file coords00.cif (mmCIF, C-alpha atoms)
data_work
loop_
_atom_site.label_atom_id
_atom_site.label_comp_id
_atom_site.auth_asym_id
_atom_site.auth_seq_id
_atom_site.Cartn_x
_atom_site.Cartn_y
_atom_site.Cartn_z
CA MET E 28 65.39 77.50 174.88
CA ALA E 29 62.13 76.36 173.32
CA ARG E 30 59.03 78.44 174.14
CA TRP E 31 55.41 77.39 173.73
CA LEU E 32 53.20 80.01 172.09
CA LYS E 33 50.28 77.58 172.16
CA THR E 34 49.65 74.37 174.11
CA GLY E 35 46.97 71.68 174.12
CA ILE E 36 45.29 69.79 176.93
CA SER E 37 47.35 68.58 179.88
CA ALA E 38 49.13 65.24 180.14
CA GLU E 39 46.85 64.38 183.07
CA ASP E 40 43.74 64.85 180.94
CA LYS E 41 45.23 62.69 178.20
CA ALA E 42 46.09 59.95 180.70
CA GLU E 43 42.56 59.97 182.10
CA ALA E 44 41.08 59.62 178.61
CA ASP E 45 43.49 56.78 177.79
CA ALA E 46 42.51 54.91 180.95
CA LYS E 47 38.85 55.02 179.99
CA VAL E 48 39.65 53.67 176.54
CA ARG E 49 41.72 50.82 178.02
CA ALA E 50 38.93 49.72 180.35
CA THR E 51 36.30 49.87 177.62
CA VAL E 52 38.36 47.86 175.15
CA GLU E 53 39.27 45.22 177.72
CA GLY E 54 35.59 44.56 178.35
CA LEU E 55 34.72 44.42 174.66
CA LEU E 56 37.49 41.95 173.83
CA ALA E 57 36.52 39.71 176.74
CA ASP E 58 32.95 39.65 175.43
CA ILE E 59 34.09 38.72 171.92
CA ALA E 60 36.32 35.95 173.28
CA ALA E 61 33.44 34.55 175.32
CA ARG E 62 30.51 34.86 172.91
CA GLY E 63 32.03 35.04 169.43
CA ASP E 64 29.67 35.96 166.61
CA ALA E 65 26.86 36.97 168.94
CA ALA E 66 29.02 39.57 170.65
CA VAL E 67 30.39 40.84 167.33
CA ARG E 68 26.89 41.28 165.97
CA GLU E 69 25.66 43.12 169.06
CA LEU E 70 28.63 45.47 168.99
CA SER E 71 28.18 46.16 165.29
CA VAL E 72 24.55 47.08 165.87
CA LYS E 73 25.43 49.20 168.91
CA PHE E 74 28.33 51.18 167.46
CA ASP E 75 27.69 51.15 163.70
CA ARG E 76 23.93 50.43 163.54
CA TRP E 77 24.88 47.67 161.11
CA ASP E 78 23.22 44.26 161.35
CA ARG E 79 23.84 41.26 159.11
CA THR E 80 23.76 37.52 159.54
CA ASP E 81 27.12 37.26 157.77
CA TYR E 82 29.44 40.27 157.58
CA ARG E 83 31.48 38.83 154.73
CA LEU E 84 30.71 40.56 151.43
CA THR E 85 29.65 38.31 148.57
CA ASP E 86 31.17 38.48 145.10
CA ALA E 87 27.95 40.09 143.89
CA GLU E 88 28.15 42.80 146.55
CA ILE E 89 31.76 43.51 145.63
CA ARG E 90 30.85 43.83 141.95
CA GLU E 91 27.99 46.16 142.88
CA CYS E 92 30.37 48.41 144.82
CA LEU E 93 32.78 48.59 141.88
CA SER E 94 29.92 49.47 139.53
CA GLN E 95 29.09 52.53 141.64
CA LEU E 96 32.47 54.15 140.98
CA ARG E 97 33.42 56.14 137.91
CA GLY E 98 36.09 54.82 135.58
CA GLN E 99 38.34 57.68 136.68
CA ASP E 100 37.90 56.67 140.32
CA LEU E 101 38.98 53.11 139.57
CA ASP E 102 41.93 54.32 137.49
CA ASP E 103 43.06 56.57 140.33
CA ILE E 104 42.84 53.69 142.82
CA ARG E 105 44.87 51.50 140.48
CA PHE E 106 47.45 54.28 140.02
CA ALA E 107 47.88 54.74 143.78
CA GLN E 108 48.15 51.01 144.34
CA GLU E 109 50.77 50.70 141.62
CA GLN E 110 52.91 53.33 143.37
CA VAL E 111 52.63 51.46 146.68
CA ARG E 112 53.31 48.13 144.98
CA ASN E 113 56.34 49.47 143.13
CA PHE E 114 58.00 50.89 146.24
CA ALA E 115 57.16 47.80 148.31
CA GLN E 116 58.72 45.60 145.63
CA HIS E 117 61.91 47.68 145.71
CA GLN E 118 61.95 47.28 149.49
CA LYS E 119 61.51 43.52 149.19
CA ASP E 120 64.27 43.34 146.60
CA ALA E 121 66.60 44.94 149.16
CA LEU E 122 66.03 41.93 151.42
CA ARG E 123 67.66 38.62 150.66
CA ASP E 124 68.06 35.17 152.07
CA ILE E 125 71.64 34.40 153.05
CA GLU E 126 73.75 31.30 153.62
CA VAL E 127 77.39 31.59 154.68
CA GLU E 128 80.15 29.24 155.84
CA THR E 129 81.35 30.98 159.00
CA LEU E 130 83.91 28.29 159.93
CA PRO E 131 85.14 25.33 157.91
CA GLY E 132 82.18 22.95 157.84
CA VAL E 133 79.76 25.32 159.66
CA VAL E 134 76.97 26.80 157.54
CA LEU E 135 74.55 29.44 158.87
CA GLY E 136 71.69 31.07 157.06
CA HIS E 137 68.47 32.97 157.27
CA LYS E 138 65.26 32.97 155.25
CA ASN E 139 62.56 35.63 154.95
CA ILE E 140 59.21 33.85 155.19
CA PRO E 141 55.85 35.66 154.93
CA VAL E 142 53.35 35.20 157.75
CA ASN E 143 50.50 32.86 156.80
CA SER E 144 47.51 35.13 157.40
CA VAL E 145 46.97 38.83 157.97
CA GLY E 146 43.94 40.84 159.03
CA CYS E 147 43.94 44.35 157.57
CA TYR E 148 41.80 46.97 159.26
CA VAL E 149 40.68 49.84 157.03
CA PRO E 150 39.17 52.74 159.01
CA GLY E 151 36.10 54.36 157.55
CA GLY E 152 33.74 55.62 160.21
CA LYS E 153 34.09 59.37 159.56
CA TYR E 154 35.71 59.17 156.11
CA PRO E 155 36.04 56.20 153.71
CA LEU E 156 39.83 55.89 154.03
CA LEU E 157 40.40 53.64 151.04
CA ALA E 158 44.12 54.49 151.01
CA SER E 159 44.63 52.26 154.04
CA ALA E 160 43.66 49.29 151.89
CA HIS E 161 46.50 50.10 149.48
CA MET E 162 49.00 50.35 152.29
CA SER E 163 48.14 47.08 154.01
CA VAL E 164 46.78 44.71 151.38
CA VAL E 165 49.10 45.63 148.51
CA THR E 166 52.17 45.50 150.75
CA ALA E 167 51.14 42.14 152.23
CA LYS E 168 50.63 40.79 148.71
CA VAL E 169 54.12 41.88 147.66
CA ALA E 170 55.49 40.14 150.76
CA GLY E 171 53.75 36.93 149.67
CA VAL E 172 51.17 36.52 152.46
CA PRO E 173 48.89 33.61 151.40
CA ARG E 174 45.68 34.73 153.15
CA ILE E 175 44.67 38.38 153.51
CA VAL E 176 41.44 39.33 155.29
CA THR E 177 40.12 42.89 155.42
CA CYS E 178 37.61 44.64 157.64
CA ALA E 179 36.16 48.11 157.17
CA PRO E 180 33.11 49.62 158.87
CA PRO E 181 29.97 50.59 156.98
CA PHE E 182 29.84 54.16 155.73
CA GLU E 183 26.49 55.91 155.85
CA GLY E 184 24.72 52.61 156.46
CA ARG E 185 26.27 50.42 153.78
CA PRO E 186 29.62 49.11 152.57
CA ALA E 187 31.70 52.04 151.31
CA PRO E 188 32.05 51.43 147.55
CA ALA E 189 35.48 53.06 147.31
CA ILE E 190 36.89 51.06 150.23
CA VAL E 191 35.48 47.81 148.88
CA ALA E 192 36.94 48.57 145.45
CA ALA E 193 40.34 49.33 146.96
CA GLN E 194 40.30 46.13 149.03
CA HIS E 195 39.29 44.04 146.04
CA LEU E 196 41.70 45.59 143.55
CA ALA E 197 44.53 45.31 146.07
CA GLY E 198 43.97 41.55 146.25
CA ALA E 199 42.13 40.86 149.51
CA ASP E 200 41.01 37.24 149.75
CA VAL E 201 38.10 37.87 152.14
CA ILE E 202 36.32 41.21 152.69
CA TYR E 203 34.16 41.92 155.74
CA CYS E 204 32.04 44.99 156.31
CA LEU E 205 32.73 45.27 160.01
CA GLY E 206 34.30 48.04 162.06
CA GLY E 207 35.86 48.99 165.35
CA VAL E 208 37.00 46.78 168.21
CA GLN E 209 34.56 44.10 167.08
CA ALA E 210 36.42 43.82 163.77
CA VAL E 211 39.98 43.56 165.08
CA GLY E 212 38.80 41.38 167.97
CA ALA E 213 37.05 38.95 165.63
CA MET E 214 40.04 38.73 163.30
CA ALA E 215 42.51 38.16 166.13
CA LEU E 216 40.45 35.89 168.37
CA GLY E 217 38.38 34.12 165.74
CA THR E 218 34.64 33.43 165.92
CA GLU E 219 32.31 30.77 164.56
CA SER E 220 32.26 32.51 161.16
CA ILE E 221 35.58 34.42 161.08
CA ALA E 222 38.82 32.45 161.08
CA ALA E 223 41.57 33.91 163.24
CA VAL E 224 44.59 35.53 161.61
CA ASP E 225 48.24 35.54 162.66
CA MET E 226 48.80 39.29 162.41
CA LEU E 227 46.78 42.53 162.56
CA VAL E 228 47.73 45.64 160.62
CA GLY E 229 46.24 49.01 159.82
CA PRO E 230 45.46 52.31 161.55
CA GLY E 231 42.34 53.20 163.46
CA ASN E 232 40.86 55.34 166.19
CA ALA E 233 41.93 55.20 169.83
CA PHE E 234 39.75 52.16 170.52
CA VAL E 235 41.10 50.18 167.57
CA ALA E 236 44.68 51.09 168.51
CA GLU E 237 44.10 50.01 172.10
CA ALA E 238 42.51 46.75 170.94
CA LYS E 239 45.60 45.96 168.89
CA ARG E 240 47.79 46.75 171.89
CA GLN E 241 45.83 44.39 174.11
CA LEU E 242 45.79 41.65 171.46
CA TYR E 243 49.53 41.87 170.82
CA GLY E 244 51.13 38.59 171.79
CA ARG E 245 48.10 36.55 170.86
CA VAL E 246 48.70 37.86 167.34
CA GLY E 247 51.41 40.00 165.82
CA ILE E 248 50.74 43.62 164.97
CA ASP E 249 52.38 46.12 162.67
CA LEU E 250 52.73 48.90 165.25
CA PHE E 251 50.71 51.09 167.58
CA ALA E 252 48.92 53.36 165.14
CA GLY E 253 46.62 55.71 167.01
CA PRO E 254 45.25 59.13 166.08
CA THR E 255 47.06 60.90 163.23
CA GLU E 256 49.91 63.22 164.25
CA THR E 257 51.60 65.93 162.24
CA LEU E 258 54.60 68.12 162.94
CA VAL E 259 55.42 71.05 160.67
CA ILE E 260 59.01 72.29 160.91
CA ALA E 261 59.30 75.62 159.13
CA ASP E 262 61.15 78.91 158.94
CA GLU E 263 60.62 82.14 157.02
CA THR E 264 61.43 80.50 153.69
CA VAL E 265 57.73 79.54 153.61
CA ASP E 266 54.60 81.46 154.51
CA ALA E 267 51.83 81.10 157.04
CA GLU E 268 49.27 79.86 154.53
CA MET E 269 51.45 76.86 153.67
CA CYS E 270 52.06 76.03 157.34
CA ALA E 271 48.45 76.45 158.41
CA THR E 272 47.17 74.37 155.50
CA ASP E 273 49.54 71.54 156.33
CA LEU E 274 48.55 71.62 160.00
CA LEU E 275 44.80 71.61 159.39
CA GLY E 276 45.10 69.12 156.55
CA GLN E 277 45.94 66.47 159.15
CA ALA E 278 43.98 67.91 162.09
CA GLU E 279 40.78 67.07 160.19
CA HIS E 280 41.45 63.36 160.77
CA GLY E 281 39.86 63.52 164.19
CA PRO E 282 39.38 65.55 167.37
CA THR E 283 42.41 63.95 169.06
CA SER E 284 44.93 64.43 166.25
CA PRO E 285 47.95 66.50 167.37
CA ALA E 286 49.13 69.20 164.96
CA ILE E 287 52.31 71.01 165.99
CA LEU E 288 54.27 73.87 164.45
CA LEU E 289 57.99 73.99 165.25
CA THR E 290 59.79 77.12 164.06
CA ASP E 291 62.63 79.51 164.77
CA SER E 292 60.58 82.49 163.55
CA GLU E 293 58.17 84.16 165.96
CA LYS E 294 56.78 86.16 163.06
CA LEU E 295 55.90 82.97 161.15
CA ALA E 296 54.50 81.37 164.31
CA ARG E 297 52.07 84.18 165.03
CA GLU E 298 51.08 84.59 161.40
CA THR E 299 50.41 80.85 161.18
CA MET E 300 48.15 80.92 164.25
CA ALA E 301 46.19 83.75 162.67
CA GLU E 302 46.01 81.91 159.36
CA VAL E 303 44.74 78.77 161.09
CA GLU E 304 41.82 80.77 162.47
CA ARG E 305 41.09 82.22 159.02
CA LEU E 306 41.11 78.80 157.38
CA LEU E 307 38.91 77.34 160.09
CA GLY E 308 36.27 79.80 158.96
CA ILE E 309 36.12 78.27 155.47
CA LEU E 310 37.35 74.66 155.79
CA PRO E 311 34.46 72.19 155.27
CA THR E 312 35.90 69.90 157.95
CA ALA E 313 36.45 72.75 160.41
CA GLY E 314 34.18 71.17 163.02
CA ILE E 315 36.69 68.39 163.64
CA ALA E 316 39.85 70.35 162.82
CA ARG E 317 38.96 73.16 165.21
CA GLN E 318 38.57 70.81 168.16
CA SER E 319 41.81 69.04 167.28
CA TRP E 320 43.69 72.34 167.01
CA ARG E 321 42.17 73.67 170.23
CA ASP E 322 42.89 70.59 172.34
CA HIS E 323 46.02 69.15 170.73
CA GLY E 324 47.58 71.90 168.64
CA GLU E 325 50.90 73.38 169.71
CA VAL E 326 53.23 76.12 168.50
CA ILE E 327 56.84 75.86 169.67
CA LEU E 328 59.43 78.56 169.09
CA CYS E 329 63.10 77.50 168.99
CA ASP E 330 66.36 79.42 168.78
CA ASN E 331 68.03 77.53 165.92
CA LEU E 332 67.99 74.41 163.73
CA GLU E 333 69.81 72.30 166.31
CA GLU E 334 67.16 73.01 168.93
CA MET E 335 64.44 72.28 166.39
CA VAL E 336 65.97 68.85 165.80
CA ARG E 337 66.09 68.14 169.54
CA GLU E 338 62.45 69.14 169.98
CA ALA E 339 61.38 67.18 166.92
CA ASP E 340 63.08 64.03 168.23
CA ARG E 341 61.43 64.55 171.62
CA ILE E 342 58.01 64.82 169.95
CA ALA E 343 58.71 61.78 167.72
CA SER E 344 55.79 62.60 165.43
CA GLU E 345 54.14 60.30 162.95
CA HIS E 346 54.37 62.79 160.06
CA VAL E 347 57.03 65.49 159.84
CA GLN E 348 56.74 68.17 157.16
CA VAL E 349 60.05 70.05 156.80
CA MET E 350 60.12 73.41 154.99
CA THR E 351 63.30 75.27 155.89
CA ARG E 352 66.42 76.80 154.44
CA ASP E 353 68.22 73.47 154.99
CA ASP E 354 65.80 70.53 154.78
CA ASP E 355 68.64 68.02 154.47
CA PHE E 356 69.90 69.06 157.92
CA PHE E 357 66.80 67.40 159.37
CA LEU E 358 67.12 64.33 157.14
CA LYS E 359 70.71 63.94 158.36
CA HIS E 360 70.19 64.59 162.06
CA MET E 361 66.64 63.58 163.02
CA THR E 362 66.20 60.07 164.42
CA ASN E 363 62.60 59.87 165.71
CA TYR E 364 59.84 60.13 163.10
CA GLY E 365 57.43 58.01 161.12
CA ALA E 366 57.98 59.68 157.76
CA LEU E 367 59.69 62.86 156.58
CA PHE E 368 58.25 65.12 153.89
CA LEU E 369 61.09 67.30 152.71
CA GLY E 370 60.44 70.68 151.11
CA PRO E 371 57.29 72.60 150.23
CA ARG E 372 56.70 70.67 146.99
CA THR E 373 55.70 67.53 148.90
CA ASN E 374 53.31 67.13 151.80
CA VAL E 375 51.75 64.56 154.13
CA SER E 376 48.69 64.16 151.93
CA TYR E 377 50.89 62.83 149.10
CA GLY E 378 52.21 60.16 151.46
CA ASP E 379 48.74 59.42 152.80
CA LYS E 380 47.16 58.82 149.43
CA VAL E 381 49.32 58.20 146.42
CA ILE E 382 53.08 58.77 146.29
CA GLY E 383 54.01 55.19 147.23
CA THR E 384 55.53 55.22 150.71
CA ASN E 385 53.40 53.54 153.35
CA HIS E 386 51.10 55.74 155.42
CA THR E 387 50.65 53.34 158.35
CA LEU E 388 53.15 54.94 160.70
CA PRO E 389 54.07 54.96 164.41
CA THR E 390 52.24 57.36 166.74
CA GLN E 391 52.35 58.24 170.43
CA LYS E 392 56.17 58.37 170.41
CA ALA E 393 56.54 54.83 169.05
CA ALA E 394 58.81 56.36 166.37
CA ARG E 395 61.53 56.21 169.04
CA TYR E 396 61.83 52.46 168.42
CA THR E 397 60.07 51.50 165.20
CA GLY E 398 59.42 52.66 161.69
CA GLY E 399 56.16 52.33 159.80
CA LEU E 400 54.49 49.47 158.00
CA TRP E 401 56.56 48.08 155.13
CA VAL E 402 56.99 44.83 153.29
CA GLY E 403 59.45 43.58 155.91
CA LYS E 404 56.77 43.71 158.63
CA PHE E 405 54.99 40.82 156.91
CA LEU E 406 58.16 38.70 156.77
CA LYS E 407 59.66 36.55 159.51
CA THR E 408 63.44 36.38 159.29
CA VAL E 409 64.20 32.89 160.56
CA THR E 410 67.61 31.26 160.92
CA TYR E 411 69.01 27.78 160.37
CA GLN E 412 72.34 26.04 160.82
CA ARG E 413 74.07 23.05 159.31
CA VAL E 414 77.33 21.36 160.38
CA LEU E 415 78.93 19.51 157.47
CA THR E 416 81.94 17.71 158.94
CA ASP E 417 82.86 15.64 161.97
CA GLU E 418 85.76 17.96 162.69
CA ALA E 419 83.55 21.04 162.75
CA SER E 420 81.02 19.45 165.10
CA ALA E 421 83.73 18.35 167.53
CA ARG E 422 85.43 21.75 167.46
CA ILE E 423 82.20 23.66 168.15
CA GLY E 424 81.15 21.03 170.68
CA GLU E 425 84.20 21.43 172.89
CA VAL E 426 83.71 25.18 173.26
CA CYS E 427 79.96 24.82 173.67
CA SER E 428 80.37 22.28 176.45
CA ARG E 429 82.68 24.48 178.48
CA LEU E 430 80.39 27.50 178.09
CA CYS E 431 77.38 25.44 179.16
CA MET E 432 79.12 24.34 182.35
CA LEU E 433 80.03 27.95 183.15
CA GLU E 434 76.29 28.50 183.34
CA GLY E 435 75.61 25.26 185.22
CA PHE E 436 73.67 23.63 182.37
CA ALA E 437 74.93 20.03 182.45
CA GLY E 438 72.22 18.80 180.09
CA HIS E 439 73.12 21.44 177.55
CA ALA E 440 76.76 20.45 177.89
CA GLU E 441 75.95 16.80 177.27
CA GLN E 442 74.27 17.71 173.98
CA ALA E 443 77.68 18.95 172.91
CA ASN E 444 79.64 16.15 174.61
CA VAL E 445 77.83 13.34 172.85
CA ARG E 446 78.90 14.81 169.55
CA VAL E 447 82.48 15.33 170.72
CA ARG E 448 82.56 11.64 171.60
CA ARG E 449 81.02 10.48 168.32
CA TYR E 450 82.58 12.86 165.86
CA GLY E 451 85.81 13.84 167.63
CA GLY E 452 86.88 10.46 168.96
CA ARG E 453 87.16 11.73 172.54
CA ASN E 454 86.13 9.21 175.21
CA ILE E 455 84.57 11.63 177.71
CA PRO E 456 82.54 10.28 180.67
CA TYR E 457 78.98 11.60 180.91
CA ALA E 458 79.05 13.18 184.38
CA THR E 459 82.29 15.15 184.22
CA ALA E 460 82.54 15.58 180.47
CA ALA E 461 82.67 19.35 180.38
CA GLU E 462 85.24 19.64 183.13
CA LYS E 463 87.70 17.37 181.26
CA LEU E 464 87.56 19.21 177.92
#
call {"tool": "encode", "arguments": {"input": "coords00.cif", "output": "structure tokens"}}
result
Amino acid sequence: MARWLKTGISAEDKAEADAKVRATVEGLLADIAARGDAAVRELSVKFDRWDRTDYRLTDAEIRECLSQLRGQDLDDIRFAQEQVRNFAQHQKDALRDIEVETLPGVVLGHKNIPVNSVGCYVPGGKYPLLASAHMSVVTAKVAGVPRIVTCAPPFEGRPAPAIVAAQHLAGADVIYCLGGVQAVGAMALGTESIAAVDMLVGPGNAFVAEAKRQLYGRVGIDLFAGPTETLVIADETVDAEMCATDLLGQAEHGPTSPAILLTDSEKLARETMAEVERLLGILPTAGIARQSWRDHGEVILCDNLEEMVREADRIASEHVQVMTRDDDFFLKHMTNYGALFLGPRTNVSYGDKVIGTNHTLPTQKAARYTGGLWVGKFLKTVTYQRVLTDEASARIGEVCSRLCMLEGFAGHAEQANVRVRRYGGRNIPYATAAEKL
């Protein structure tokens, strides 16, 4: 039976915090819907201390941002984007339009059509997270989205040069320096100066995630991507330094980022907790990571691999780092996760920044029912049908009519009956047509 050697804050405390976020976001979105640009500008000043008449960056401003980066920085951005583009293209190539003749004269098909416009949010309040531009913009481009808009908050009082470069090099059509709820609200709802999009994608803090949740339905979204989560599954084949580093490497994202160790070794568990404390004494981002570990860190001790799989699926973490004597056991048996990182040679940071898989992943147990952002999220799979012969229409029509009348839908039945009469040569009266077939 699983035992907790360390726990975080209670479920009740989490629920109370979530309720406050929901109420705040609801008010902000209502204000944006009512007052448009004026509300967006006030919120930008209030939350980011950033005031402009127009939040869209000009071509000159974009060029200025690129000029502030070293050649190596730009090459590294291009390298990372090429990895994302390459994998997304392979994913797209695995999808295909189909058209099949399912009965003589009956043709069915589907097409994969990109959405017309996407708003990509790139977080950057605490850190300039340029990698999120790769994941959203590059992938949308591969899918064939015609209009891609990006929003990222100012960093240290100005557009973050690295984020702007990443957005531009990835192929964004319009770039705004705008953050938080005001950004996703403006993109989804539209304002006098910002045209509404059809879909929102990208990670963000709790307020951005909640805004996307509340806007879902008015626009599409990729998934509910809240605070970063990491789960390390390990045994004594690795050491405490590796485990602690991988836990804190994600805990630094923010004070509400869960970091959990799942192991069948009490020795490794206790050594990892001690190593976490040692690393917190030297990690430059320890101020955030310490709070995250204190409030949301957990250490769970299991009896065997099977129990570790059960606990991992219950947790349904965004990132799962697996370092055990049998990593493939988890690949074979786990069902709930955003992304797996198998073996000590890889890690979540590779996935976050450069290796090519998408880092926008499900959080808050959404991995139970969805995977992460990928090229298919930007495509609508739509169906069509074509009936080629009179005989096929009459044959389908007779069955359709009877099934419609089983449900009491006489009008539906008559849609079939009129075709049975015209194409099948059956003289069926209107009122009792279905009953006589």
call {"tool": "closest_residue", "arguments": {"input": "coords00.cif", "among": "E:Ala66, E:Val235, E:Leu84, E:Cys92", "to": "Val48 of chain E", "atoms": "only C-alpha atoms"}}
result
E:Val235
call {"tool": "resolve_selection", "arguments": {"input": "coords00.cif", "expression": "the PyMOL selection byres ((chain E and resi 264-268) around 8)", "output": "PyMOL selection string"}}
result
chain E and resi 261-263+269-272+295-296+298-299+302+350-352+371
call {"tool": "resolve_selection", "arguments": {"input": "coords00.cif", "expression": "the PyMOL selection byres ((chain E and resi 170-183) around 6)", "output": "ChimeraX atom specification"}}
result
/E:141-151,167-169,184-187,199-206,402
call {"tool": "residues_near_point", "arguments": {"input": "coords00.cif", "point": "(43.8, 72.7, 178.6)", "cutoff": "9 Å", "atoms": "only C-alpha atoms", "output": "mmCIF file with C-alpha atoms, in the coordinates of the input"}}
result
data_model
loop_
_atom_site.group_PDB
_atom_site.id
_atom_site.type_symbol
_atom_site.label_atom_id
_atom_site.label_comp_id
_atom_site.auth_asym_id
_atom_site.auth_seq_id
_atom_site.Cartn_x
_atom_site.Cartn_y
_atom_site.Cartn_z
ATOM 1 C CA THR E 34 49.650 74.370 174.110
ATOM 2 C CA GLY E 35 46.970 71.680 174.120
ATOM 3 C CA ILE E 36 45.290 69.790 176.930
ATOM 4 C CA SER E 37 47.350 68.580 179.880
ATOM 5 C CA ASP E 40 43.740 64.850 180.940
ATOM 6 C CA ARG E 321 42.170 73.670 170.230
ATOM 7 C CA ASP E 322 42.890 70.590 172.340
ATOM 8 C CA HIS E 323 46.020 69.150 170.730
#
call {"tool": "atom_distance", "arguments": {"input": "coords00.cif", "atom1": "atom CA of Met335 of chain E", "atom2": "atom CA of Ser319 of chain E"}}
result
22.9 Å
call {"tool": "atom_distance", "arguments": {"input": "coords00.cif", "atom1": "atom CA of Ala160 of chain E", "atom2": "atom CA of Ala193 of chain E"}}
result
5.9 Å
call {"tool": "atom_distance", "arguments": {"input": "coords00.cif", "atom1": "atom CA of Asp103 of chain E", "atom2": "atom CA of Gln348 of chain E"}}
result
24.6 Å
call {"tool": "closest_residue", "arguments": {"input": "coords00.cif", "among": "E:Leu258, E:Val67, E:Leu157, E:Met432", "to": "Glu325 of chain E", "atoms": "all atoms listed in the file"}}
result
E:Leu258
call {"tool": "residues_near_point", "arguments": {"input": "coords00.cif", "point": "(46.9, 57.7, 149.5)", "cutoff": "8 Å", "atoms": "all atoms listed in the file", "output": "ChimeraX atom specification"}}
result
/E:107,157-159,161,376-383,386
call {"tool": "write_last_selection", "arguments": {"input": "coords00.cif", "atoms": "C-alpha atoms", "output": "PDB file, in the frame of the given file"}}
result
ATOM      1  CA  ALA E 107      47.880  54.740 143.780  1.00  0.00           C
ATOM      2  CA  LEU E 157      40.400  53.640 151.040  1.00  0.00           C
ATOM      3  CA  ALA E 158      44.120  54.490 151.010  1.00  0.00           C
ATOM      4  CA  SER E 159      44.630  52.260 154.040  1.00  0.00           C
ATOM      5  CA  HIS E 161      46.500  50.100 149.480  1.00  0.00           C
ATOM      6  CA  SER E 376      48.690  64.160 151.930  1.00  0.00           C
ATOM      7  CA  TYR E 377      50.890  62.830 149.100  1.00  0.00           C
ATOM      8  CA  GLY E 378      52.210  60.160 151.460  1.00  0.00           C
ATOM      9  CA  ASP E 379      48.740  59.420 152.800  1.00  0.00           C
ATOM     10  CA  LYS E 380      47.160  58.820 149.430  1.00  0.00           C
ATOM     11  CA  VAL E 381      49.320  58.200 146.420  1.00  0.00           C
ATOM     12  CA  ILE E 382      53.080  58.770 146.290  1.00  0.00           C
ATOM     13  CA  GLY E 383      54.010  55.190 147.230  1.00  0.00           C
ATOM     14  CA  HIS E 386      51.100  55.740 155.420  1.00  0.00           C
TER      15      HIS E 386
END
call {"tool": "axis_aligned_box", "arguments": {"input": "coords00.cif", "around": "segment 439-446 of chain E", "padding_each_side": "6 Å", "output": "lines of an AutoDock Vina configuration file"}}
result
center_x = 76.4
center_y = 17.4
center_z = 173.7
size_x = 18.5
size_y = 20.1
size_z = 20.3
call {"tool": "closest_residue", "arguments": {"input": "coords00.cif", "among": "E:Ala393, E:Leu135, E:Ile260, E:Leu274", "to": "Leu328 of chain E", "atoms": "only C-alpha atoms"}}
result
E:Ile260
call {"tool": "closest_residue", "arguments": {"input": "coords00.cif", "among": "E:Thr408, E:Asn454, E:Thr416, E:Ser292", "to": "Arg123 of chain E", "atoms": "only C-alpha atoms"}}
result
E:Thr408
call {"tool": "closest_residue", "arguments": {"input": "coords00.cif", "among": "E:Tyr154, E:Leu307, E:Tyr82, E:Ala29", "to": "Asn331 of chain E", "atoms": "all atoms listed in the file"}}
result
E:Ala29
call {"tool": "resolve_selection", "arguments": {"input": "coords00.cif", "expression": "the PyMOL selection byres ((chain E and resi 312) around 12)", "output": "MDAnalysis selection string"}}
result
chainID E and resid 153:154 275:282 306:311 313:319
